[in-house]
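Here is structure.txt, consisting of compact mmCIF, C-alpha atoms:
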# COMPACT_ATOMS: atom_id res chain seq x y z
CA MET Q 950 8.17 56.36 45.15
CA ASN Q 951 5.88 59.19 46.33
CA PHE Q 952 7.35 62.61 45.60
CA LYS Q 953 4.36 64.69 46.70
CA TRP Q 954 6.11 65.74 49.92
CA PHE Q 955 9.45 66.46 48.26
CA GLY Q 956 8.61 70.07 47.41
CA PRO Q 957 7.33 71.10 50.88
CA ILE Q 958 10.18 69.29 52.64
CA ALA Q 959 12.79 70.93 50.37
CA LEU Q 960 11.20 74.32 51.01
CA LEU Q 961 11.23 73.81 54.78
CA ALA Q 962 14.87 72.68 54.61
CA ALA Q 963 15.82 75.76 52.59
CA LEU Q 964 13.99 78.03 55.04
CA TRP Q 965 15.70 76.35 58.00
CA ILE Q 966 19.16 76.64 56.42
CA GLY Q 967 18.54 80.28 55.55
CA ASP Q 968 17.41 81.03 59.09
CA GLN Q 969 20.49 79.34 60.55
CA ILE Q 970 22.72 81.46 58.31
CA ARG Q 971 20.85 84.58 59.41
CA ILE Q 972 21.20 83.67 63.07
CA ASN Q 973 24.86 82.61 63.00
CA ARG Q 974 26.41 84.90 60.38
CA PRO Q 975 28.84 87.39 61.96
CA GLY Q 976 27.67 90.94 62.39
CA HIS Q 977 31.18 91.96 61.39
CA LYS Q 978 34.75 90.69 61.27
CA TYR Q 979 37.85 92.62 62.17
CA ARG Q 980 41.57 92.07 61.95
CA LEU Q 981 43.49 92.80 65.15
CA THR Q 982 47.13 93.59 64.43
CA VAL Q 983 49.85 93.87 67.07
CA GLU Q 984 53.17 95.56 66.23
CA VAL Q 985 56.24 95.47 68.45
CA GLU Q 986 59.52 97.30 68.06
CA THR Q 987 62.47 95.03 68.85
CA PRO Q 988 66.26 95.43 68.72
CA GLU Q 989 66.12 93.55 65.39
CA GLY Q 990 63.33 95.67 63.92
CA ARG Q 991 59.57 95.71 63.95
CA LYS Q 992 57.67 92.45 64.39
CA SER Q 993 53.93 92.00 63.95
CA ALA Q 994 51.15 89.46 63.82
CA SER Q 995 47.42 89.65 63.30
CA GLY Q 996 44.26 87.62 63.63
CA VAL Q 997 40.75 87.90 62.22
CA MET Q 998 37.94 87.90 64.78
CA ALA Q 999 34.24 87.42 64.07
CA VAL Q 1000 31.66 89.21 66.21
CA HIS Q 1001 28.28 87.48 66.40
CA PRO Q 1002 25.25 89.33 67.77
CA ASP Q 1003 22.44 87.30 69.30
CA ARG Q 1004 19.84 86.88 66.53
CA SER Q 1005 18.33 83.73 68.00
CA TYR Q 1006 14.89 83.33 69.49
CA SER Q 1007 16.17 83.05 73.05
CA ARG Q 1008 16.26 86.86 73.43
CA GLY Q 1009 19.31 86.39 75.60
CA GLY Q 1010 21.03 89.32 73.93
CA GLN Q 1011 24.50 87.77 74.28
CA THR Q 1012 27.04 88.97 71.72
CA ARG Q 1013 30.04 86.70 71.28
CA THR Q 1014 33.44 86.80 69.57
CA ALA Q 1015 35.08 83.90 67.72
CA GLY Q 1016 38.84 83.88 67.24
CA ASP Q 1017 42.22 83.24 68.80
CA ALA Q 1018 44.63 85.31 70.84
CA VAL Q 1019 47.29 87.00 68.68
CA PHE Q 1020 50.78 85.52 69.14
CA VAL Q 1021 53.69 87.70 68.00
CA ASP Q 1022 57.01 85.91 67.57
CA LEU Q 1023 59.61 88.53 68.50
CA GLY Q 1024 62.61 86.36 67.67
CA GLY Q 1025 65.33 85.30 70.05
CA GLY Q 1026 62.89 83.12 71.98
CA LYS Q 1027 60.70 86.07 72.96
CA ASN Q 1028 57.00 86.54 72.26
CA LEU Q 1029 54.01 88.72 73.02
CA VAL Q 1030 50.43 87.47 73.17
CA ALA Q 1031 47.36 89.70 72.99
CA LEU Q 1032 44.70 87.79 74.92
CA LEU Q 1033 40.95 87.86 74.28
CA ALA Q 1034 40.38 89.71 77.54
CA HIS Q 1035 40.60 93.04 79.29
CA ILE Q 1036 41.00 94.03 82.92
CA ASP Q 1037 38.32 96.02 84.71
CA ASN Q 1038 39.43 95.41 88.30
CA LYS Q 1039 39.44 91.76 87.24
CA LEU Q 1040 39.64 89.83 83.99
CA GLU Q 1041 36.59 90.25 81.76
CA LEU Q 1042 35.79 88.69 78.40
CA ASP Q 1043 32.99 90.82 76.92
CA GLY Q 1044 35.21 93.74 75.91
CA MET Q 1045 36.54 91.84 72.89
CA ASN Q 1046 33.05 92.01 71.37
CA TYR Q 1047 33.35 95.78 71.11
CA VAL Q 1048 37.05 96.46 70.50
CA ALA Q 1049 36.63 97.36 66.83
CA LEU Q 1050 33.38 99.26 67.36
CA ARG Q 1051 34.85 101.38 70.14
CA ALA Q 1052 38.11 101.92 68.25
CA TYR Q 1053 36.24 103.24 65.19
CA THR Q 1054 34.10 105.43 67.43
CA ALA Q 1055 37.20 106.87 69.12
CA ALA Q 1056 39.00 107.41 65.81
CA GLY Q 1057 36.06 109.12 64.13
CA GLY Q 1058 34.95 111.20 67.09
CA LYS Q 1059 31.34 110.09 66.74
CA ARG Q 1060 29.37 107.07 67.81
CA VAL Q 1061 29.41 104.13 65.42
CA SER Q 1062 26.46 101.75 65.60
CA PHE Q 1063 26.82 97.98 65.58
CA ASN Q 1064 24.89 97.76 62.31
CA GLU Q 1065 27.32 100.14 60.59
CA MET Q 1066 30.40 98.11 61.36
CA SER Q 1067 30.35 95.74 58.38
CA ARG Q 1068 30.36 98.75 56.02
CA LEU Q 1069 33.47 100.40 57.47
CA SER Q 1070 37.03 100.09 56.20
CA GLY Q 1071 40.54 101.20 57.06
CA ALA Q 1072 42.63 100.46 60.13
CA VAL Q 1073 42.13 102.44 63.34
CA PRO Q 1074 44.27 102.48 66.50
CA VAL Q 1075 43.35 100.44 69.55
CA LYS Q 1076 44.50 102.50 72.50
CA ASP Q 1077 44.26 102.91 76.25
CA ALA Q 1078 41.53 100.81 77.88
CA LEU Q 1079 40.75 99.08 74.56
CA ILE Q 1080 44.14 97.34 74.52
CA PRO Q 1081 43.68 93.66 75.40
CA VAL Q 1082 45.68 92.04 78.17
CA LEU Q 1083 49.23 91.36 77.00
CA VAL Q 1084 51.34 88.47 78.25
CA THR Q 1085 54.60 86.81 77.34
CA PHE Q 1086 55.86 83.26 77.88
CA GLY Q 1087 59.46 82.59 78.84
CA ASP Q 1088 58.78 79.13 77.42
CA PRO Q 1089 55.67 78.81 75.23
CA ALA Q 1090 55.54 75.11 76.13
CA ASN Q 1091 55.16 75.95 79.83
CA PRO Q 1092 52.10 77.92 81.06
CA ALA Q 1093 53.85 78.66 84.37
CA THR Q 1094 56.28 80.98 82.55
CA ALA Q 1095 53.56 83.54 81.68
CA ARG Q 1096 54.18 87.17 82.64
CA ASN Q 1097 51.92 90.18 82.29
CA VAL Q 1098 53.31 92.86 79.94
CA PRO Q 1099 52.32 96.51 80.62
CA PRO Q 1100 51.45 98.16 77.27
CA LEU Q 1101 53.36 101.32 78.18
CA ASP Q 1102 56.43 99.55 79.55
CA ALA Q 1103 56.97 96.35 77.60
CA GLU Q 1104 60.71 96.84 78.04
CA ALA Q 1105 60.40 96.13 81.76
CA ILE Q 1106 59.36 92.53 81.01
CA LEU Q 1107 60.69 91.82 77.52
CA GLY Q 1108 64.03 93.58 77.87
CA LYS Q 1109 65.82 96.61 76.52
CA GLY Q 1110 64.76 97.72 73.06
CA TYR Q 1111 61.30 96.12 73.11
CA ARG Q 1112 58.32 98.45 72.83
CA LEU Q 1113 54.68 98.06 71.88
CA GLU Q 1114 54.52 100.08 68.68
CA GLY Q 1115 50.76 99.87 68.38
CA ILE Q 1116 47.62 97.80 67.99
CA THR Q 1117 45.09 98.37 65.24
CA ALA Q 1118 41.66 97.06 64.32
CA GLU Q 1119 40.40 96.90 60.75
CA VAL Q 1120 37.00 95.67 59.59
CA VAL Q 1121 37.27 92.98 56.93
CA PRO Q 1122 34.44 91.63 54.74
CA ASN Q 1123 32.23 88.94 56.22
CA GLY Q 1124 32.55 86.97 53.00
CA TYR Q 1125 30.19 84.17 52.09
CA TRP Q 1126 29.77 82.76 55.58
CA PRO Q 1127 29.73 79.80 56.32
CA LEU Q 1128 31.74 79.19 53.13
CA ASP Q 1129 34.37 81.81 53.99
CA PHE Q 1130 37.34 79.52 53.47
CA GLY Q 1131 39.60 82.23 52.04
CA GLY Q 1132 40.21 84.02 48.76
CA VAL Q 1133 37.12 85.35 47.02
CA LEU Q 1134 34.90 83.59 49.58
CA GLY Q 1135 36.16 85.87 52.37
CA GLU Q 1136 38.70 85.67 55.15
CA PRO Q 1137 38.02 83.02 57.77
CA VAL Q 1138 38.51 83.49 61.49
CA THR Q 1139 42.22 83.02 62.29
CA ARG Q 1140 43.16 79.90 64.20
CA GLY Q 1141 46.52 78.58 65.35
CA ILE Q 1142 47.13 79.60 68.96
CA GLN Q 1143 47.05 75.94 70.01
CA THR Q 1144 50.08 75.23 67.83
CA LYS Q 1145 51.94 78.11 69.51
CA LEU Q 1146 50.88 77.09 73.03
CA PRO Q 1147 50.61 73.29 72.86
CA TRP Q 1148 49.44 72.91 76.47
CA LEU Q 1149 46.09 74.62 75.84
CA ASN Q 1150 44.28 71.31 75.34
CA GLY Q 1151 45.93 69.71 78.34
CA ALA Q 1152 44.27 68.50 81.53
CA GLY Q 1153 44.00 70.50 84.72
CA ASP Q 1154 42.99 73.90 83.28
CA PRO Q 1155 46.44 75.04 82.11
CA ALA Q 1156 44.97 78.30 80.77
CA ALA Q 1157 44.02 79.28 84.32
CA ALA Q 1158 47.50 78.31 85.50
CA ALA Q 1159 49.01 80.63 82.89
CA LEU Q 1160 46.80 83.55 83.91
CA ARG Q 1161 47.66 83.03 87.57
CA ALA Q 1162 51.37 82.84 86.76
CA ALA Q 1163 51.00 86.20 85.02
CA GLY Q 1164 49.45 87.62 88.19
CA LEU Q 1165 46.14 88.51 86.54
CA PRO Q 1166 43.13 89.12 88.81
CA GLY Q 1167 39.79 87.29 88.84
CA VAL Q 1168 40.92 84.12 87.09
CA GLU Q 1169 38.40 82.07 89.04
CA THR Q 1170 35.45 84.13 87.74
CA ILE Q 1171 35.89 83.32 84.03
CA ASP Q 1172 36.47 80.42 81.69
CA ALA Q 1173 40.23 80.91 81.38
CA SER Q 1174 40.48 79.06 78.07
CA GLU Q 1175 38.37 81.80 76.45
CA THR Q 1176 41.17 84.29 76.96
CA PHE Q 1177 43.14 82.24 74.41
CA THR Q 1178 40.55 80.86 72.01
CA ARG Q 1179 36.81 81.12 71.38
CA LYS Q 1180 34.63 79.15 69.03
Mind turning this structure into structure tokens?
Amino acid sequence: MNFKWFGPIALLAALWIGDQIRINRPGHKYRLTVEVETPEGRKSASGVMAVHPDRSYSRGGQTRTAGDAVFVDLGGGKNLVALLAHIDNKLELDGMNYVALRAYTAAGGKRVSFNEMSRLSGAVPVKDALIPVLVTFGDPANPATARNVPPLDAEAILGKGYRLEGITAEVVPNGYWPLDFGGVLGEPVTRGIQTKLPWLNGAGDPAAAALRAAGLPGVETIDASETFTRK
């Protein structure tokens, strides 16, 4: 067996793997936490998002976020879901790429650069226009039961005694991506929205049906499924 090419091939493979890690490793990760005051006390849920800048050779410059919408079980059959979207006259998806960055900038009173993000720590409030779109499902198994929840008047939709206590963003370590399976290797991106909303994988674009049921604008201009989950 001729091994003379083994060394060069192994080197090329190592260089390729290293370059793929460089290209695809998140710029930063952040935990988005949603807290709701209910008649039975405070309820909360959180999810880790990964923000990936474009380091490829396409020079497309497209930053993307990986993660799932945050589903808060409020008890008594009620829920609140923070979608991966904002409204700027219509639904838009890009804002999730900059939620943590803009929240840290607002909290510190000075501009934070994208490259600084992975070195930051501590939770900061997500307020005003940075708050993602909030919805609730009368029946999580039925997308047609979605309703939009105003951040400042959750009680109007959820009922008396329900109030959005706050949303925070907190940078978490990138870990040893792509081996960030948990523990000392680093926190992985949070998944699980499809177990909470079992229709997401169904036929006929049920995500769009849910957004329309909630009365959200511009559903036809986006990939509706990306308001719930992104790879």
Return as JSON the box centre and box size in Å, one decimal, for an axis-aligned box around all listed atoms of region 1127-1133 of chain Q padded by 6 Å per side.
{"center_x": 35.0, "center_y": 82.3, "center_z": 51.7, "size_x": 22.5, "size_y": 18.2, "size_z": 21.3}
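For the pair CA of Gly1025 (chain Q) and CA of Ala1095 (chain Q), the interatomic distance is 16.6 Å.
With all atoms listed in the file as the atoms that count, the residue of Q:Leu1101, Q:Ile1171, Q:Val1138, Q:Ala1049 with the shortest distance to Ala1015 (chain Q) is Q:Val1138.
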Write out as an mmCIF file with C-alpha atoms, in the frame of the given file which residues come within 10 Å of Arg991 (chain Q) when counting all atoms listed in the file, dropping same-chain ones fewer than 3 positions away.
data_model
loop_
_atom_site.group_PDB
_atom_site.id
_atom_site.type_symbol
_atom_site.label_atom_id
_atom_site.label_comp_id
_atom_site.auth_asym_id
_atom_site.auth_seq_id
_atom_site.Cartn_x
_atom_site.Cartn_y
_atom_site.Cartn_z
ATOM 1 C CA GLU Q 984 53.170 95.560 66.230
ATOM 2 C CA VAL Q 985 56.240 95.470 68.450
ATOM 3 C CA GLU Q 986 59.520 97.300 68.060
ATOM 4 C CA THR Q 987 62.470 95.030 68.850
ATOM 5 C CA PRO Q 988 66.260 95.430 68.720
ATOM 6 C CA LEU Q 1023 59.610 88.530 68.500
ATOM 7 C CA TYR Q 1111 61.300 96.120 73.110
ATOM 8 C CA ARG Q 1112 58.320 98.450 72.830
ATOM 9 C CA LEU Q 1113 54.680 98.060 71.880
ATOM 10 C CA GLU Q 1114 54.520 100.080 68.680
#
So that I can check the surroundings of region 1062-1079 of chain Q, please list as a PDB file with C-alpha atoms, in the frame of the given file every protein, DNA and RNA residue that reaches within 10 Å of it, counting only C-alpha atoms and ignoring chain neighbours fewer than 6 positions away.
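Once everything was written out, this is around21.pdb:
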ATOM      1  CA  PRO Q 975      28.840  87.390  61.960  1.00  0.00           C
ATOM      2  CA  GLY Q 976      27.670  90.940  62.390  1.00  0.00           C
ATOM      3  CA  HIS Q 977      31.180  91.960  61.390  1.00  0.00           C
ATOM      4  CA  LYS Q 978      34.750  90.690  61.270  1.00  0.00           C
ATOM      5  CA  TYR Q 979      37.850  92.620  62.170  1.00  0.00           C
ATOM      6  CA  ARG Q 980      41.570  92.070  61.950  1.00  0.00           C
ATOM      7  CA  LEU Q 981      43.490  92.800  65.150  1.00  0.00           C
ATOM      8  CA  THR Q 982      47.130  93.590  64.430  1.00  0.00           C
ATOM      9  CA  VAL Q 983      49.850  93.870  67.070  1.00  0.00           C
ATOM     10  CA  PRO Q1002      25.250  89.330  67.770  1.00  0.00           C
ATOM     11  CA  ALA Q1034      40.380  89.710  77.540  1.00  0.00           C
ATOM     12  CA  HIS Q1035      40.600  93.040  79.290  1.00  0.00           C
ATOM     13  CA  ILE Q1036      41.000  94.030  82.920  1.00  0.00           C
ATOM     14  CA  ASP Q1037      38.320  96.020  84.710  1.00  0.00           C
ATOM     15  CA  GLY Q1044      35.210  93.740  75.910  1.00  0.00           C
ATOM     16  CA  MET Q1045      36.540  91.840  72.890  1.00  0.00           C
ATOM     17  CA  TYR Q1047      33.350  95.780  71.110  1.00  0.00           C
ATOM     18  CA  VAL Q1048      37.050  96.460  70.500  1.00  0.00           C
ATOM     19  CA  ALA Q1049      36.630  97.360  66.830  1.00  0.00           C
ATOM     20  CA  LEU Q1050      33.380  99.260  67.360  1.00  0.00           C
ATOM     21  CA  ARG Q1051      34.850 101.380  70.140  1.00  0.00           C
ATOM     22  CA  ALA Q1052      38.110 101.920  68.250  1.00  0.00           C
ATOM     23  CA  TYR Q1053      36.240 103.240  65.190  1.00  0.00           C
ATOM     24  CA  THR Q1054      34.100 105.430  67.430  1.00  0.00           C
ATOM     25  CA  ALA Q1055      37.200 106.870  69.120  1.00  0.00           C
ATOM     26  CA  ALA Q1056      39.000 107.410  65.810  1.00  0.00           C
ATOM     27  CA  PRO Q1100      51.450  98.160  77.270  1.00  0.00           C
ATOM     28  CA  LEU Q1101      53.360 101.320  78.180  1.00  0.00           C
ATOM     29  CA  GLY Q1115      50.760  99.870  68.380  1.00  0.00           C
ATOM     30  CA  ILE Q1116      47.620  97.800  67.990  1.00  0.00           C
ATOM     31  CA  THR Q1117      45.090  98.370  65.240  1.00  0.00           C
ATOM     32  CA  ALA Q1118      41.660  97.060  64.320  1.00  0.00           C
ATOM     33  CA  GLU Q1119      40.400  96.900  60.750  1.00  0.00           C
ATOM     34  CA  VAL Q1120      37.000  95.670  59.590  1.00  0.00           C
ATOM     35  CA  VAL Q1121      37.270  92.980  56.930  1.00  0.00           C
ATOM     36  CA  PRO Q1122      34.440  91.630  54.740  1.00  0.00           C
ATOM     37  CA  ASN Q1123      32.230  88.940  56.220  1.00  0.00           C
TER      38      ASN Q1123
END
Interatomic distance, CA of Val1168 (chain Q) to CA of Glu1041 (chain Q) (Å, one decimal): 9.2 Å
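As for CA of Ala1162 (chain Q) and CA of Lys1145 (chain Q), they are spaced 17.9 Å apart.
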Close residues, Ile1142 (chain Q) itself excluded, 12 Å, all atoms listed in the file, min 6 positions apart in chain, as a list in words: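 Near Ile1142 (chain Q), the qualifying residues are Ala994, Ser995, Gly996, Gly1016, Asp1017, Ala1018, Val1019, Phe1020, Val1021, Asp1022, Val1030, Ala1031, Leu1032, Leu1033, Pro1089, Ala1090, Trp1148, Leu1149, Asn1150, Ser1174, Glu1175, Thr1176, Phe1177, Thr1178 and Arg1179 of chain Q.
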Write out, as a PDB file, in the coordinates of the input, the residues just selected, with C-alpha atoms.
ATOM      1  CA  ALA Q 994      51.150  89.460  63.820  1.00  0.00           C
ATOM      2  CA  SER Q 995      47.420  89.650  63.300  1.00  0.00           C
ATOM      3  CA  GLY Q 996      44.260  87.620  63.630  1.00  0.00           C
ATOM      4  CA  GLY Q1016      38.840  83.880  67.240  1.00  0.00           C
ATOM      5  CA  ASP Q1017      42.220  83.240  68.800  1.00  0.00           C
ATOM      6  CA  ALA Q1018      44.630  85.310  70.840  1.00  0.00           C
ATOM      7  CA  VAL Q1019      47.290  87.000  68.680  1.00  0.00           C
ATOM      8  CA  PHE Q1020      50.780  85.520  69.140  1.00  0.00           C
ATOM      9  CA  VAL Q1021      53.690  87.700  68.000  1.00  0.00           C
ATOM     10  CA  ASP Q1022      57.010  85.910  67.570  1.00  0.00           C
ATOM     11  CA  VAL Q1030      50.430  87.470  73.170  1.00  0.00           C
ATOM     12  CA  ALA Q1031      47.360  89.700  72.990  1.00  0.00           C
ATOM     13  CA  LEU Q1032      44.700  87.790  74.920  1.00  0.00           C
ATOM     14  CA  LEU Q1033      40.950  87.860  74.280  1.00  0.00           C
ATOM     15  CA  PRO Q1089      55.670  78.810  75.230  1.00  0.00           C
ATOM     16  CA  ALA Q1090      55.540  75.110  76.130  1.00  0.00           C
ATOM     17  CA  TRP Q1148      49.440  72.910  76.470  1.00  0.00           C
ATOM     18  CA  LEU Q1149      46.090  74.620  75.840  1.00  0.00           C
ATOM     19  CA  ASN Q1150      44.280  71.310  75.340  1.00  0.00           C
ATOM     20  CA  SER Q1174      40.480  79.060  78.070  1.00  0.00           C
ATOM     21  CA  GLU Q1175      38.370  81.800  76.450  1.00  0.00           C
ATOM     22  CA  THR Q1176      41.170  84.290  76.960  1.00  0.00           C
ATOM     23  CA  PHE Q1177      43.140  82.240  74.410  1.00  0.00           C
ATOM     24  CA  THR Q1178      40.550  80.860  72.010  1.00  0.00           C
ATOM     25  CA  ARG Q1179      36.810  81.120  71.380  1.00  0.00           C
TER      26      ARG Q1179
END
Residues within 9 Å of Asn1097 (chain Q), all atoms listed in the file, excluding chain neighbours under 3 positions, as a ChimeraX atom specification: /Q:1082-1085,1106,1160,1162-1165
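Excluding Ala1173 (chain Q) itself and any same-chain residue fewer than 5 positions from it, the protein and nucleic acid residues within 9 Å of it, counting only C-alpha atoms, are Asp1154, Pro1155, Ala1156, Ala1157, Ala1158, Ala1159, Leu1160 and Val1168 of chain Q.
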